[in-house]
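Let me begin by presenting the structure, written as structure tokens, before commenting on it.
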Amino acid sequence: MRRSIIVAALALAPLIARGGDLPPPPYELPTFSGTVDMAPPDAPYTPPRGVDPDRLFTAVLDCFPAPSWFRGELSAIARAGTRSAVDIGSDGALNGGSAYVGIVAKIPLYSPVEAARIREQESQRRTEIARAVAALNSAVTKRAIARRAAALYRSLESRAAQRVRYGVAETAEQVRYVEAVAEQERAASAADAEITAARLALVGMCADDRAESVDALIRAMLEKAK
């Protein structure tokens, strides 16, 4: 028996030396992250705190200069005449001599059309702020759900990888979980993009000297929402 083993080993020695005639090792599909860890997430899922919509809405609303109901206008006027007497024109300016150049300030006391236009602009601005705040809150929730789902799918993907390795399951089982993990990673990335878009939209509604404080407030809220 021992002699036959030695003979077989001597016969296979040239094949082993060449290496090309040996069968390749079985293919193993790597996981999406490259590691195998079947441990599920420890902590249970808890909905994210999100942002404080009322506080954020008020902060953005206050960071924009309030519109004025009295819009002063300065206009330059020039007149020429032949009279030397001083008189008062219809606009309240004093006219004297043969020529006159001056500046007149005009402030309308009440304009229904202007007041309606200002109210419409203010309503539209409030609506845009509310939509941006809602979009920010929604994106924070989407990101939390996608991250949680990705963690669960990674555990199932690792389990499937072990089953495939030992021949208990086909590779197709692991492929399904690889695709599921990739889909949740894409969803989390899309939610991050929505968060950035909403944050920039809210900051862009502020005056330059107040935008930084609002941006800091949003970032602090997002940090707590992780």
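Just remember, in the structure tokens the first chain shown is A, the second B, etc., residues are 1-based per chain, and ligands are 1-based in the order shown.
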
Discussion item. Would you pick out the contacts of A:Pro30 at 12 Å or less, using only C-alpha atoms, so that residues sharing its chain but fewer than 3 positions from it are not included, and give the list as a PyMOL selection string?
Written reply: chain A and resi 27+33-36+154+157-158+160-162+164-165+171+174-175+177-178

Neighbouring residues of stretch 184-201 of chain A were defined as those with any atom within 6 Å, considering only C-alpha atoms; residues of the same chain fewer than 2 positions away were excluded. Please report them as a PDB file with N, CA and C atoms, in the first residue's frame.
ATOM      1  N   ALA A 132     -38.531  73.068   1.345  1.00  0.00           N
ATOM      2  CA  ALA A 132     -37.135  72.691   1.529  1.00  0.00           C
ATOM      3  C   ALA A 132     -36.922  72.013   2.877  1.00  0.00           C
ATOM      4  N   LEU A 136     -35.719  68.149   3.410  1.00  0.00           N
ATOM      5  CA  LEU A 136     -34.578  67.800   4.254  1.00  0.00           C
ATOM      6  C   LEU A 136     -34.952  66.715   5.258  1.00  0.00           C
ATOM      7  N   ALA A 139     -35.416  63.333   3.465  1.00  0.00           N
ATOM      8  CA  ALA A 139     -34.154  62.731   3.037  1.00  0.00           C
ATOM      9  C   ALA A 139     -33.405  62.112   4.213  1.00  0.00           C
ATOM     10  N   ARG A 143     -32.365  58.151   4.318  1.00  0.00           N
ATOM     11  CA  ARG A 143     -30.986  57.702   4.523  1.00  0.00           C
ATOM     12  C   ARG A 143     -30.886  56.707   5.672  1.00  0.00           C
ATOM     13  N   ALA A 146     -32.292  53.319   4.508  1.00  0.00           N
ATOM     14  CA  ALA A 146     -31.393  52.662   3.559  1.00  0.00           C
ATOM     15  C   ALA A 146     -30.173  52.087   4.267  1.00  0.00           C
ATOM     16  N   ALA A 150     -29.302  48.136   4.401  1.00  0.00           N
ATOM     17  CA  ALA A 150     -28.008  47.679   3.880  1.00  0.00           C
ATOM     18  C   ALA A 150     -27.279  46.824   4.907  1.00  0.00           C
ATOM     19  N   VAL A 181     -27.735  44.688  -1.470  1.00  0.00           N
ATOM     20  CA  VAL A 181     -26.837  45.609  -0.757  1.00  0.00           C
ATOM     21  C   VAL A 181     -26.499  46.809  -1.633  1.00  0.00           C
ATOM     22  N   ALA A 182     -26.194  46.547  -2.897  1.00  0.00           N
ATOM     23  CA  ALA A 182     -25.853  47.644  -3.814  1.00  0.00           C
ATOM     24  C   ALA A 182     -27.025  48.612  -3.966  1.00  0.00           C
ATOM     25  N   VAL A 203     -29.953  77.583   2.786  1.00  0.00           N
ATOM     26  CA  VAL A 203     -28.895  78.572   3.008  1.00  0.00           C
ATOM     27  C   VAL A 203     -28.942  79.663   1.939  1.00  0.00           C
ATOM     28  N   GLY A 204     -29.291  79.275   0.718  1.00  0.00           N
ATOM     29  CA  GLY A 204     -29.356  80.252  -0.371  1.00  0.00           C
ATOM     30  C   GLY A 204     -30.476  81.268  -0.222  1.00  0.00           C
TER      31      GLY A 204
END

In Å and to one decimal, atom CA of A:Ala149 is distant from atom CA of A:Ala180 by 8.9 Å

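Computed from the coordinates, the atom CA of A:Glu120 to atom CA of A:Ala135 distance equals 22.5 Å.
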
Query raised in the report: Quick one: residues within 12 Å of stretch 208-211 of chain A, only C-alpha atoms counted, chain neighbours fewer than 2 positions away excluded, as a PyMOL selection string?
Result: chain A and resi 59-65+199-206+213-218

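For the atom pair formed by atom CA of A:Thr46 and atom CA of A:Ile145, the distance is 9.4 Å, given to one decimal.
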